[in-house]
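J.: I am attaching a structure below and will ask some questions about it afterwards.
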Amino acid sequence: MMADILAQAVNVANTGWGNTGAIEVGLAAGGAAIGIGAVGAGASQAVGRNPGAIGIILAVSFAIIAVSEGTFILVAFVLKG
């Protein structure tokens with residue numbers, strides 16, 4: 001199923017409708033960096049307030065970081081072509 005979604009995204013990008021330039025990819029990278037920084041800041045504050053919950057906080061932080069990076073990779077490599 002994921003391969004079908006990626007194939008459709010590539011087809012849309014190749015038809016000329018999804019022309020993305022370097023500015024859009026740069027904005028996506030900046031958004032991912034801001035999101036990861038916000039997650040890191042929140043995680044460090046949460047661990048400072050409750051050191052016993054470090055395992056849960058790290059697990060949730062890594063999941064959110066993975067979503068942010070995945071979004072950037074989708075924009076940068078699939079839509080850019």
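Ordering of the structure tokens sets the chain letters (A, B, ...); residue numbers start at 1 within each chain; ligands are numbered from 1 in the order shown.
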Can you tell me which residues surround region 60-65 of chain A at a distance of at most 9 Å, considering only C-alpha atoms, apart from same-chain residues fewer than 6 positions away, and format the answer as a ChimeraX atom specification?
T.: /A:32,35-36,39-40,42-43
J.: Would you put the residues from that selection into a file with N, CA and C atoms, as a CSV table (one decimal), in the first residue's frame?
T.:
```
chain,number,residue,atom,x,y,z
A,32,ALA,N,11.3,20.9,9.4
A,32,ALA,CA,11.7,19.7,10.1
A,32,ALA,C,12.7,20.0,11.2
A,35,GLY,N,10.8,21.7,14.0
A,35,GLY,CA,10.0,20.7,14.8
A,35,GLY,C,10.9,19.8,15.7
A,36,ILE,N,12.0,19.3,15.1
A,36,ILE,CA,12.9,18.5,15.9
A,36,ILE,C,13.5,19.3,17.1
A,39,VAL,N,10.8,19.5,19.8
A,39,VAL,CA,10.7,18.3,20.5
A,39,VAL,C,11.8,18.1,21.5
A,40,GLY,N,13.1,18.4,21.0
A,40,GLY,CA,14.2,18.3,21.9
A,40,GLY,C,14.1,19.2,23.1
A,42,GLY,N,11.3,20.4,24.5
A,42,GLY,CA,10.2,19.9,25.3
A,42,GLY,C,10.6,18.6,26.1
A,43,ALA,N,11.4,17.7,25.4
A,43,ALA,CA,11.8,16.5,26.1
A,43,ALA,C,12.8,16.8,27.2
```
J.: Just the number, please: distance in Å from CA of Glu69 (chain A) to CA of Ile56 (chain A), one decimal.
T.: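 Going from CA of Glu69 (chain A) over to CA of Ile56 (chain A) covers 20.1 Å.
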J.: Which one is closest to Gly21 (chain A): A:Val47, A:Ala66, A:Ala76, A:Ala38? Count only C-alpha atoms.
T.: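 Of all the options, A:Ala76 lies closest to Gly21 (chain A).
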J.: What does the distance from CA of Phe77 (chain A) to CA of Ala33 (chain A) come to in Å, to one decimal?
T.: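 According to the coordinates, CA of Phe77 (chain A) and CA of Ala33 (chain A) are separated by 16.7 Å.
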